[in-house]
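work00.cif follows; it contains mmCIF, N, CA and C atoms.
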data_run
loop_
_atom_site.label_atom_id
_atom_site.label_comp_id
_atom_site.auth_asym_id
_atom_site.auth_seq_id
_atom_site.Cartn_x
_atom_site.Cartn_y
_atom_site.Cartn_z
N MET A 1 -3.56 -23.74 -16.50
CA MET A 1 -4.79 -23.17 -16.93
C MET A 1 -5.67 -24.27 -17.51
N ARG A 2 -6.88 -24.31 -17.08
CA ARG A 2 -7.82 -25.33 -17.50
C ARG A 2 -8.78 -24.79 -18.53
N LEU A 3 -9.00 -25.57 -19.56
CA LEU A 3 -9.95 -25.14 -20.59
C LEU A 3 -11.37 -25.32 -20.10
N ARG A 4 -12.23 -24.51 -20.63
CA ARG A 4 -13.63 -24.59 -20.25
C ARG A 4 -14.19 -25.93 -20.70
N GLY A 5 -14.78 -26.67 -19.78
CA GLY A 5 -15.37 -27.95 -20.09
C GLY A 5 -14.38 -29.10 -20.10
N GLY A 6 -13.08 -28.80 -19.90
CA GLY A 6 -12.07 -29.87 -19.89
C GLY A 6 -12.12 -30.62 -18.56
N ARG A 7 -11.98 -31.91 -18.64
CA ARG A 7 -12.03 -32.71 -17.41
C ARG A 7 -10.66 -33.33 -17.18
N GLY A 8 -10.18 -33.26 -15.98
CA GLY A 8 -8.89 -33.86 -15.65
C GLY A 8 -9.01 -35.37 -15.57
N GLU A 9 -8.14 -36.07 -16.25
CA GLU A 9 -8.16 -37.54 -16.26
C GLU A 9 -7.01 -38.09 -15.41
N VAL A 10 -6.83 -37.55 -14.25
CA VAL A 10 -5.78 -37.99 -13.35
C VAL A 10 -6.19 -39.27 -12.62
N THR A 11 -7.47 -39.48 -12.44
CA THR A 11 -7.96 -40.63 -11.70
C THR A 11 -7.47 -41.95 -12.29
N GLY A 12 -7.48 -42.07 -13.60
CA GLY A 12 -7.01 -43.30 -14.23
C GLY A 12 -5.54 -43.55 -13.97
N ALA A 13 -4.73 -42.50 -14.04
CA ALA A 13 -3.29 -42.64 -13.78
C ALA A 13 -3.03 -42.98 -12.31
N VAL A 14 -3.80 -42.39 -11.41
CA VAL A 14 -3.63 -42.65 -9.99
C VAL A 14 -3.93 -44.10 -9.66
N ILE A 15 -4.87 -44.70 -10.33
CA ILE A 15 -5.22 -46.09 -10.09
C ILE A 15 -4.28 -47.03 -10.84
N LEU A 16 -3.95 -46.68 -12.05
CA LEU A 16 -3.17 -47.57 -12.91
C LEU A 16 -1.69 -47.62 -12.55
N LEU A 17 -1.09 -46.51 -12.19
CA LEU A 17 0.35 -46.47 -11.92
C LEU A 17 0.78 -47.41 -10.79
N PRO A 18 0.13 -47.45 -9.63
CA PRO A 18 0.54 -48.41 -8.59
C PRO A 18 0.40 -49.87 -9.04
N LEU A 19 -0.62 -50.15 -9.83
CA LEU A 19 -0.77 -51.52 -10.33
C LEU A 19 0.36 -51.91 -11.27
N VAL A 20 0.75 -51.00 -12.14
CA VAL A 20 1.85 -51.27 -13.08
C VAL A 20 3.16 -51.45 -12.33
N VAL A 21 3.42 -50.59 -11.36
CA VAL A 21 4.65 -50.70 -10.57
C VAL A 21 4.67 -52.01 -9.79
N THR A 22 3.55 -52.40 -9.21
CA THR A 22 3.47 -53.67 -8.49
C THR A 22 3.73 -54.85 -9.42
N MET A 23 3.17 -54.82 -10.61
CA MET A 23 3.39 -55.90 -11.58
C MET A 23 4.87 -55.98 -11.99
N VAL A 24 5.51 -54.84 -12.17
CA VAL A 24 6.93 -54.83 -12.52
C VAL A 24 7.76 -55.46 -11.40
N PHE A 25 7.47 -55.11 -10.15
CA PHE A 25 8.19 -55.69 -9.04
C PHE A 25 7.93 -57.19 -8.91
N LEU A 26 6.71 -57.63 -9.20
CA LEU A 26 6.43 -59.07 -9.16
C LEU A 26 7.21 -59.82 -10.24
N VAL A 27 7.34 -59.25 -11.41
CA VAL A 27 8.12 -59.88 -12.48
C VAL A 27 9.60 -59.94 -12.09
N ILE A 28 10.12 -58.86 -11.52
CA ILE A 28 11.51 -58.87 -11.06
C ILE A 28 11.71 -59.92 -9.98
N HIS A 29 10.78 -60.01 -9.05
CA HIS A 29 10.88 -61.01 -7.97
C HIS A 29 10.85 -62.43 -8.54
N ALA A 30 9.97 -62.68 -9.49
CA ALA A 30 9.91 -64.02 -10.10
C ALA A 30 11.22 -64.35 -10.80
N ALA A 31 11.83 -63.39 -11.47
CA ALA A 31 13.11 -63.63 -12.13
C ALA A 31 14.20 -63.93 -11.11
N LEU A 32 14.20 -63.23 -9.98
CA LEU A 32 15.19 -63.50 -8.94
C LEU A 32 15.00 -64.87 -8.31
N VAL A 33 13.76 -65.30 -8.14
CA VAL A 33 13.48 -66.64 -7.61
C VAL A 33 13.99 -67.70 -8.58
N TYR A 34 13.76 -67.51 -9.86
CA TYR A 34 14.25 -68.45 -10.87
C TYR A 34 15.78 -68.52 -10.85
N HIS A 35 16.43 -67.37 -10.76
CA HIS A 35 17.89 -67.33 -10.71
C HIS A 35 18.41 -67.99 -9.43
N ALA A 36 17.75 -67.73 -8.31
CA ALA A 36 18.16 -68.35 -7.04
C ALA A 36 18.00 -69.86 -7.09
N ARG A 37 16.95 -70.33 -7.74
CA ARG A 37 16.75 -71.78 -7.88
C ARG A 37 17.90 -72.40 -8.67
N SER A 38 18.37 -71.70 -9.69
CA SER A 38 19.51 -72.19 -10.48
C SER A 38 20.78 -72.23 -9.64
N ILE A 39 21.00 -71.21 -8.83
CA ILE A 39 22.19 -71.18 -7.97
C ILE A 39 22.14 -72.30 -6.95
N VAL A 40 20.99 -72.51 -6.33
CA VAL A 40 20.86 -73.57 -5.31
C VAL A 40 21.05 -74.94 -5.95
N ALA A 41 20.52 -75.15 -7.15
CA ALA A 41 20.70 -76.44 -7.83
C ALA A 41 22.17 -76.66 -8.17
N ALA A 42 22.85 -75.62 -8.63
CA ALA A 42 24.28 -75.75 -8.96
C ALA A 42 25.09 -76.03 -7.70
N ALA A 43 24.74 -75.41 -6.59
CA ALA A 43 25.45 -75.65 -5.33
C ALA A 43 25.26 -77.09 -4.87
N ALA A 44 24.04 -77.62 -4.99
CA ALA A 44 23.79 -79.00 -4.60
C ALA A 44 24.56 -79.98 -5.49
N GLU A 45 24.58 -79.72 -6.79
CA GLU A 45 25.29 -80.61 -7.72
C GLU A 45 26.81 -80.57 -7.48
N ASP A 46 27.36 -79.37 -7.28
CA ASP A 46 28.80 -79.26 -7.04
C ASP A 46 29.18 -79.89 -5.69
N GLY A 47 28.35 -79.70 -4.69
CA GLY A 47 28.60 -80.32 -3.39
C GLY A 47 28.55 -81.83 -3.47
N ALA A 48 27.61 -82.36 -4.25
CA ALA A 48 27.51 -83.82 -4.41
C ALA A 48 28.73 -84.36 -5.14
N ARG A 49 29.19 -83.64 -6.19
CA ARG A 49 30.38 -84.09 -6.91
C ARG A 49 31.61 -84.11 -6.02
N ALA A 50 31.75 -83.10 -5.16
CA ALA A 50 32.90 -83.05 -4.26
C ALA A 50 32.86 -84.15 -3.22
N ALA A 51 31.67 -84.53 -2.78
CA ALA A 51 31.54 -85.59 -1.78
C ALA A 51 31.56 -86.98 -2.40
N GLN A 52 31.34 -87.09 -3.71
CA GLN A 52 31.28 -88.40 -4.36
C GLN A 52 32.65 -89.00 -4.64
N VAL A 53 33.68 -88.18 -4.73
CA VAL A 53 34.99 -88.73 -5.08
C VAL A 53 35.44 -89.71 -4.01
N GLU A 54 36.32 -90.61 -4.39
CA GLU A 54 36.71 -91.71 -3.49
C GLU A 54 37.24 -91.21 -2.15
N ASP A 55 38.06 -90.18 -2.17
CA ASP A 55 38.62 -89.65 -0.92
C ASP A 55 37.83 -88.46 -0.40
N GLY A 56 36.66 -88.21 -0.93
CA GLY A 56 35.85 -87.07 -0.52
C GLY A 56 35.18 -87.30 0.83
N SER A 57 34.57 -86.24 1.33
CA SER A 57 33.87 -86.33 2.61
C SER A 57 32.64 -85.42 2.58
N ALA A 58 31.79 -85.59 3.59
CA ALA A 58 30.61 -84.75 3.70
C ALA A 58 31.03 -83.30 3.95
N ALA A 59 32.10 -83.10 4.70
CA ALA A 59 32.58 -81.74 4.99
C ALA A 59 33.05 -81.04 3.71
N GLU A 60 33.71 -81.77 2.83
CA GLU A 60 34.16 -81.18 1.56
C GLU A 60 32.96 -80.79 0.69
N GLY A 61 31.97 -81.65 0.63
CA GLY A 61 30.76 -81.33 -0.12
C GLY A 61 30.06 -80.10 0.42
N ARG A 62 29.98 -80.00 1.75
CA ARG A 62 29.36 -78.84 2.39
C ARG A 62 30.15 -77.57 2.10
N ALA A 63 31.48 -77.67 2.13
CA ALA A 63 32.33 -76.50 1.88
C ALA A 63 32.19 -76.01 0.44
N VAL A 64 32.16 -76.92 -0.52
CA VAL A 64 32.04 -76.54 -1.93
C VAL A 64 30.69 -75.88 -2.18
N ALA A 65 29.62 -76.46 -1.65
CA ALA A 65 28.29 -75.88 -1.83
C ALA A 65 28.20 -74.52 -1.15
N GLY A 66 28.76 -74.41 0.04
CA GLY A 66 28.74 -73.14 0.77
C GLY A 66 29.52 -72.05 0.04
N ALA A 67 30.65 -72.42 -0.57
CA ALA A 67 31.44 -71.43 -1.31
C ALA A 67 30.67 -70.90 -2.51
N LEU A 68 29.94 -71.76 -3.18
CA LEU A 68 29.14 -71.30 -4.32
C LEU A 68 28.01 -70.39 -3.86
N LEU A 69 27.40 -70.70 -2.72
CA LEU A 69 26.31 -69.87 -2.21
C LEU A 69 26.81 -68.52 -1.73
N GLU A 70 28.05 -68.46 -1.23
CA GLU A 70 28.61 -67.18 -0.80
C GLU A 70 28.78 -66.24 -1.98
N GLY A 71 28.99 -66.79 -3.17
CA GLY A 71 29.14 -65.97 -4.36
C GLY A 71 27.83 -65.49 -4.96
N SER A 72 26.72 -65.72 -4.28
CA SER A 72 25.42 -65.32 -4.82
C SER A 72 25.09 -63.86 -4.54
N ALA A 73 26.04 -63.11 -4.01
CA ALA A 73 25.89 -61.67 -3.77
C ALA A 73 24.71 -61.34 -2.86
N GLY A 74 24.43 -62.19 -1.89
CA GLY A 74 23.37 -61.90 -0.93
C GLY A 74 21.97 -62.19 -1.41
N LEU A 75 21.83 -62.80 -2.57
CA LEU A 75 20.49 -63.11 -3.08
C LEU A 75 19.80 -64.16 -2.23
N ILE A 76 20.56 -65.12 -1.71
CA ILE A 76 19.99 -66.23 -0.93
C ILE A 76 20.33 -66.01 0.54
N ALA A 77 19.30 -65.80 1.34
CA ALA A 77 19.49 -65.55 2.77
C ALA A 77 19.41 -66.86 3.54
N ASP A 78 20.21 -66.98 4.57
CA ASP A 78 20.19 -68.12 5.48
C ASP A 78 20.24 -69.46 4.75
N PRO A 79 21.26 -69.70 3.93
CA PRO A 79 21.33 -70.99 3.23
C PRO A 79 21.66 -72.12 4.20
N VAL A 80 21.04 -73.26 3.98
CA VAL A 80 21.29 -74.46 4.78
C VAL A 80 21.72 -75.57 3.82
N VAL A 81 22.90 -76.14 4.08
CA VAL A 81 23.43 -77.21 3.25
C VAL A 81 23.47 -78.48 4.10
N THR A 82 22.79 -79.52 3.65
CA THR A 82 22.78 -80.80 4.34
C THR A 82 23.43 -81.84 3.44
N VAL A 83 24.47 -82.50 3.96
CA VAL A 83 25.17 -83.53 3.19
C VAL A 83 25.11 -84.83 3.97
N GLU A 84 24.63 -85.88 3.31
CA GLU A 84 24.61 -87.22 3.89
C GLU A 84 25.45 -88.11 3.00
N ARG A 85 26.47 -88.74 3.60
CA ARG A 85 27.38 -89.61 2.83
C ARG A 85 27.50 -90.94 3.55
N SER A 86 27.14 -91.98 2.84
CA SER A 86 27.32 -93.33 3.37
C SER A 86 28.47 -93.97 2.60
N ALA A 87 28.68 -95.25 2.79
CA ALA A 87 29.77 -95.94 2.09
C ALA A 87 29.49 -96.04 0.58
N THR A 88 28.22 -95.95 0.20
CA THR A 88 27.89 -96.15 -1.22
C THR A 88 27.20 -94.97 -1.89
N THR A 89 26.55 -94.08 -1.13
CA THR A 89 25.79 -92.99 -1.76
C THR A 89 26.06 -91.65 -1.08
N VAL A 90 25.78 -90.59 -1.84
CA VAL A 90 25.89 -89.22 -1.35
C VAL A 90 24.59 -88.50 -1.67
N SER A 91 24.11 -87.70 -0.74
CA SER A 91 22.92 -86.89 -0.96
C SER A 91 23.18 -85.49 -0.40
N VAL A 92 22.96 -84.48 -1.22
CA VAL A 92 23.15 -83.08 -0.81
C VAL A 92 21.85 -82.33 -1.04
N THR A 93 21.41 -81.62 -0.01
CA THR A 93 20.21 -80.79 -0.10
C THR A 93 20.58 -79.37 0.31
N VAL A 94 20.21 -78.41 -0.52
CA VAL A 94 20.48 -77.00 -0.24
C VAL A 94 19.15 -76.26 -0.21
N ARG A 95 18.98 -75.42 0.81
CA ARG A 95 17.74 -74.66 0.97
C ARG A 95 18.09 -73.23 1.38
N GLY A 96 17.33 -72.28 0.88
CA GLY A 96 17.55 -70.88 1.24
C GLY A 96 16.33 -70.04 0.93
N THR A 97 16.33 -68.84 1.48
CA THR A 97 15.25 -67.88 1.25
C THR A 97 15.74 -66.81 0.30
N VAL A 98 14.93 -66.47 -0.67
CA VAL A 98 15.30 -65.49 -1.69
C VAL A 98 15.01 -64.08 -1.18
N ARG A 99 16.01 -63.22 -1.29
CA ARG A 99 15.81 -61.80 -0.98
C ARG A 99 15.41 -61.09 -2.26
N GLY A 100 14.26 -60.48 -2.24
CA GLY A 100 13.78 -59.81 -3.45
C GLY A 100 13.37 -58.38 -3.16
N PRO A 101 12.85 -57.70 -4.16
CA PRO A 101 12.46 -56.29 -3.99
C PRO A 101 11.17 -56.09 -3.20
N ILE A 102 10.43 -57.17 -3.01
CA ILE A 102 9.17 -57.07 -2.25
C ILE A 102 9.42 -57.66 -0.87
N PRO A 103 9.49 -56.84 0.18
CA PRO A 103 9.91 -57.32 1.50
C PRO A 103 8.96 -58.32 2.15
N TRP A 104 7.69 -58.28 1.85
CA TRP A 104 6.74 -59.19 2.49
C TRP A 104 6.55 -60.49 1.72
N LEU A 105 7.19 -60.63 0.57
CA LEU A 105 7.05 -61.83 -0.25
C LEU A 105 8.33 -62.66 -0.13
N HIS A 106 8.28 -63.72 0.68
CA HIS A 106 9.44 -64.57 0.91
C HIS A 106 9.27 -65.88 0.15
N ALA A 107 10.25 -66.20 -0.67
CA ALA A 107 10.22 -67.46 -1.42
C ALA A 107 11.37 -68.33 -0.94
N THR A 108 11.08 -69.59 -0.69
CA THR A 108 12.11 -70.55 -0.29
C THR A 108 12.41 -71.45 -1.48
N VAL A 109 13.70 -71.62 -1.76
CA VAL A 109 14.12 -72.50 -2.86
C VAL A 109 14.90 -73.66 -2.27
N THR A 110 14.68 -74.84 -2.83
CA THR A 110 15.33 -76.06 -2.37
C THR A 110 15.75 -76.88 -3.57
N ALA A 111 16.92 -77.48 -3.47
CA ALA A 111 17.39 -78.38 -4.52
C ALA A 111 18.18 -79.52 -3.88
N SER A 112 18.12 -80.68 -4.51
CA SER A 112 18.84 -81.86 -4.03
C SER A 112 19.61 -82.49 -5.18
N ALA A 113 20.71 -83.11 -4.83
CA ALA A 113 21.52 -83.84 -5.80
C ALA A 113 22.19 -84.99 -5.06
N GLY A 114 22.54 -86.00 -5.79
CA GLY A 114 23.20 -87.13 -5.16
C GLY A 114 23.66 -88.14 -6.18
N GLY A 115 24.21 -89.21 -5.67
CA GLY A 115 24.68 -90.26 -6.55
C GLY A 115 25.57 -91.24 -5.79
N PRO A 116 26.17 -92.18 -6.51
CA PRO A 116 27.02 -93.16 -5.86
C PRO A 116 28.39 -92.59 -5.51
N VAL A 117 28.99 -93.14 -4.48
CA VAL A 117 30.36 -92.78 -4.11
C VAL A 117 31.32 -93.54 -5.01
N GLU A 118 32.31 -92.83 -5.52
CA GLU A 118 33.32 -93.50 -6.35
C GLU A 118 34.16 -94.40 -5.45
N ARG A 119 34.31 -95.63 -5.84
CA ARG A 119 35.13 -96.56 -5.07
C ARG A 119 35.63 -97.67 -5.97
N PHE A 120 36.72 -98.25 -5.55
CA PHE A 120 37.30 -99.35 -6.31
C PHE A 120 36.64 -100.64 -5.87
N VAL A 121 36.16 -101.39 -6.85
CA VAL A 121 35.55 -102.69 -6.58
C VAL A 121 36.42 -103.74 -7.27
N PRO A 122 37.01 -104.66 -6.50
CA PRO A 122 37.84 -105.68 -7.11
C PRO A 122 37.05 -106.54 -8.11
N GLU A 123 37.77 -107.06 -9.08
CA GLU A 123 37.15 -107.88 -10.14
C GLU A 123 36.35 -109.04 -9.56
N SER A 124 36.82 -109.63 -8.48
CA SER A 124 36.14 -110.81 -7.91
C SER A 124 34.79 -110.44 -7.26
N GLN A 125 34.56 -109.15 -6.94
CA GLN A 125 33.33 -108.73 -6.29
C GLN A 125 32.32 -108.10 -7.26
N ARG A 126 32.64 -108.06 -8.53
CA ARG A 126 31.74 -107.43 -9.50
C ARG A 126 30.69 -108.37 -9.97
#
Take the structure in this file and express it as structure tokens.
Amino acid sequence: MRLRGGRGEVTGAVILLPLVVTMVFLVIHAALVYHARSIVAAAAEDGARAAQVEDGSAAEGRAVAGALLEGSAGLIADPVVTVERSATTVSVTVRGTVRGPIPWLHATVTASAGGPVERFVPESQR
């Protein structure tokens, strides 16, 4: 029942509610991107550590990074792990796409880590 002279103020809610919901989803998406960036950075660092050891290999670094990414519960889609190991250095790069609540908003996260390969250097060569 409507009171005489009363005006319905539904228009403001109709305009404001979709904007508020969109902002909430954008904040959730930004938090997921930040979390995914942390996971990708940890995967790159762990992969580099595994490949840096004296008896390590590029395959071991790739496996360690891949295992960490598998534990991300599907947050990171299509992860790509690149490991380059020479006689003296290791470089690991991890890249993936973040799955978020907004289907048309795709964020790609990338992280790199690296360092020297552990090796024995005789006293005469130091």
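Atom to atom, CA of Gln52 in chain A and CA of Ser38 in chain A stand 20.9 Å apart.
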**OP:** Give as a PyMOL selection string the residues that the PyMOL selection byres ((chain A and resi 82-98) around 7) matches when applied to the coordinates above.
**Re:** chain A and resi 32-33+36+40+43-45+47-48+51-52+57-58+61-62+75-81+99-100+105-118
Could you write out that same residue set with N, CA and C atoms as a JSON list (two decimals), in the frame of the given file?
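For reference, again26.json as written:
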[["chain", "number", "residue", "atom", "x", "y", "z"],
["A", 32, "LEU", "N", 14.20, -63.23, -9.98],
["A", 32, "LEU", "CA", 15.19, -63.50, -8.94],
["A", 32, "LEU", "C", 15.00, -64.87, -8.31],
["A", 33, "VAL", "N", 13.76, -65.30, -8.14],
["A", 33, "VAL", "CA", 13.48, -66.64, -7.61],
["A", 33, "VAL", "C", 13.99, -67.70, -8.58],
["A", 36, "ALA", "N", 17.75, -67.73, -8.31],
["A", 36, "ALA", "CA", 18.16, -68.35, -7.04],
["A", 36, "ALA", "C", 18.00, -69.86, -7.09],
["A", 40, "VAL", "N", 20.99, -72.51, -6.33],
["A", 40, "VAL", "CA", 20.86, -73.57, -5.31],
["A", 40, "VAL", "C", 21.05, -74.94, -5.95],
["A", 43, "ALA", "N", 24.74, -75.41, -6.59],
["A", 43, "ALA", "CA", 25.45, -75.65, -5.33],
["A", 43, "ALA", "C", 25.26, -77.09, -4.87],
["A", 44, "ALA", "N", 24.04, -77.62, -4.99],
["A", 44, "ALA", "CA", 23.79, -79.00, -4.60],
["A", 44, "ALA", "C", 24.56, -79.98, -5.49],
["A", 45, "GLU", "N", 24.58, -79.72, -6.79],
["A", 45, "GLU", "CA", 25.29, -80.61, -7.72],
["A", 45, "GLU", "C", 26.81, -80.57, -7.48],
["A", 47, "GLY", "N", 28.35, -79.70, -4.69],
["A", 47, "GLY", "CA", 28.60, -80.32, -3.39],
["A", 47, "GLY", "C", 28.55, -81.83, -3.47],
["A", 48, "ALA", "N", 27.61, -82.36, -4.25],
["A", 48, "ALA", "CA", 27.51, -83.82, -4.41],
["A", 48, "ALA", "C", 28.73, -84.36, -5.14],
["A", 51, "ALA", "N", 31.67, -84.53, -2.78],
["A", 51, "ALA", "CA", 31.54, -85.59, -1.78],
["A", 51, "ALA", "C", 31.56, -86.98, -2.40],
["A", 52, "GLN", "N", 31.34, -87.09, -3.71],
["A", 52, "GLN", "CA", 31.28, -88.40, -4.36],
["A", 52, "GLN", "C", 32.65, -89.00, -4.64],
["A", 57, "SER", "N", 34.57, -86.24, 1.33],
["A", 57, "SER", "CA", 33.87, -86.33, 2.61],
["A", 57, "SER", "C", 32.64, -85.42, 2.58],
["A", 58, "ALA", "N", 31.79, -85.59, 3.59],
["A", 58, "ALA", "CA", 30.61, -84.75, 3.70],
["A", 58, "ALA", "C", 31.03, -83.30, 3.95],
["A", 61, "GLY", "N", 31.97, -81.65, 0.63],
["A", 61, "GLY", "CA", 30.76, -81.33, -0.12],
["A", 61, "GLY", "C", 30.06, -80.10, 0.42],
["A", 62, "ARG", "N", 29.98, -80.00, 1.75],
["A", 62, "ARG", "CA", 29.36, -78.84, 2.39],
["A", 62, "ARG", "C", 30.15, -77.57, 2.10],
["A", 75, "LEU", "N", 21.83, -62.80, -2.57],
["A", 75, "LEU", "CA", 20.49, -63.11, -3.08],
["A", 75, "LEU", "C", 19.80, -64.16, -2.23],
["A", 76, "ILE", "N", 20.56, -65.12, -1.71],
["A", 76, "ILE", "CA", 19.99, -66.23, -0.93],
["A", 76, "ILE", "C", 20.33, -66.01, 0.54],
["A", 77, "ALA", "N", 19.30, -65.80, 1.34],
["A", 77, "ALA", "CA", 19.49, -65.55, 2.77],
["A", 77, "ALA", "C", 19.41, -66.86, 3.54],
["A", 78, "ASP", "N", 20.21, -66.98, 4.57],
["A", 78, "ASP", "CA", 20.19, -68.12, 5.48],
["A", 78, "ASP", "C", 20.24, -69.46, 4.75],
["A", 79, "PRO", "N", 21.26, -69.70, 3.93],
["A", 79, "PRO", "CA", 21.33, -70.99, 3.23],
["A", 79, "PRO", "C", 21.66, -72.12, 4.20],
["A", 80, "VAL", "N", 21.04, -73.26, 3.98],
["A", 80, "VAL", "CA", 21.29, -74.46, 4.78],
["A", 80, "VAL", "C", 21.72, -75.57, 3.82],
["A", 81, "VAL", "N", 22.90, -76.14, 4.08],
["A", 81, "VAL", "CA", 23.43, -77.21, 3.25],
["A", 81, "VAL", "C", 23.47, -78.48, 4.10],
["A", 99, "ARG", "N", 16.01, -63.22, -1.29],
["A", 99, "ARG", "CA", 15.81, -61.80, -0.98],
["A", 99, "ARG", "C", 15.41, -61.09, -2.26],
["A", 100, "GLY", "N", 14.26, -60.48, -2.24],
["A", 100, "GLY", "CA", 13.78, -59.81, -3.45],
["A", 100, "GLY", "C", 13.37, -58.38, -3.16],
["A", 105, "LEU", "N", 7.19, -60.63, 0.57],
["A", 105, "LEU", "CA", 7.05, -61.83, -0.25],
["A", 105, "LEU", "C", 8.33, -62.66, -0.13],
["A", 106, "HIS", "N", 8.28, -63.72, 0.68],
["A", 106, "HIS", "CA", 9.44, -64.57, 0.91],
["A", 106, "HIS", "C", 9.27, -65.88, 0.15],
["A", 107, "ALA", "N", 10.25, -66.20, -0.67],
["A", 107, "ALA", "CA", 10.22, -67.46, -1.42],
["A", 107, "ALA", "C", 11.37, -68.33, -0.94],
["A", 108, "THR", "N", 11.08, -69.59, -0.69],
["A", 108, "THR", "CA", 12.11, -70.55, -0.29],
["A", 108, "THR", "C", 12.41, -71.45, -1.48],
["A", 109, "VAL", "N", 13.70, -71.62, -1.76],
["A", 109, "VAL", "CA", 14.12, -72.50, -2.86],
["A", 109, "VAL", "C", 14.90, -73.66, -2.27],
["A", 110, "THR", "N", 14.68, -74.84, -2.83],
["A", 110, "THR", "CA", 15.33, -76.06, -2.37],
["A", 110, "THR", "C", 15.75, -76.88, -3.57],
["A", 111, "ALA", "N", 16.92, -77.48, -3.47],
["A", 111, "ALA", "CA", 17.39, -78.38, -4.52],
["A", 111, "ALA", "C", 18.18, -79.52, -3.88],
["A", 112, "SER", "N", 18.12, -80.68, -4.51],
["A", 112, "SER", "CA", 18.84, -81.86, -4.03],
["A", 112, "SER", "C", 19.61, -82.49, -5.18],
["A", 113, "ALA", "N", 20.71, -83.11, -4.83],
["A", 113, "ALA", "CA", 21.52, -83.84, -5.80],
["A", 113, "ALA", "C", 22.19, -84.99, -5.06],
["A", 114, "GLY", "N", 22.54, -86.00, -5.79],
["A", 114, "GLY", "CA", 23.20, -87.13, -5.16],
["A", 114, "GLY", "C", 23.66, -88.14, -6.18],
["A", 115, "GLY", "N", 24.21, -89.21, -5.67],
["A", 115, "GLY", "CA", 24.68, -90.26, -6.55],
["A", 115, "GLY", "C", 25.57, -91.24, -5.79],
["A", 116, "PRO", "N", 26.17, -92.18, -6.51],
["A", 116, "PRO", "CA", 27.02, -93.16, -5.86],
["A", 116, "PRO", "C", 28.39, -92.59, -5.51],
["A", 117, "VAL", "N", 28.99, -93.14, -4.48],
["A", 117, "VAL", "CA", 30.36, -92.78, -4.11],
["A", 117, "VAL", "C", 31.32, -93.54, -5.01],
["A", 118, "GLU", "N", 32.31, -92.83, -5.52],
["A", 118, "GLU", "CA", 33.32, -93.50, -6.35],
["A", 118, "GLU", "C", 34.16, -94.40, -5.45]]
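The spacing separating CA of Leu26 in chain A from CA of Ile102 in chain A amounts to 7.7 Å.
Going from atom C of Gly66 in chain A to atom N of Ala30 in chain A covers 23.7 Å.
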**OP:** Any chance you could list, as a ChimeraX atom specification, the residues in chain A that come up alpha helix (DSSP H) when DSSP is run on the backbone?
**Re:** /A:10-52,58-70
**OP:** Can you list, as JSON, numbers by chain, all residues belonging to chain A that DSSP tags as strand (DSSP E or B)?
**Re:** {"A": [76, 77, 78, 79, 80, 81, 82, 83, 84, 85, 89, 90, 91, 92, 93, 94, 95, 96, 97, 98, 107, 108, 109, 110, 111, 112, 113, 114, 115, 116]}
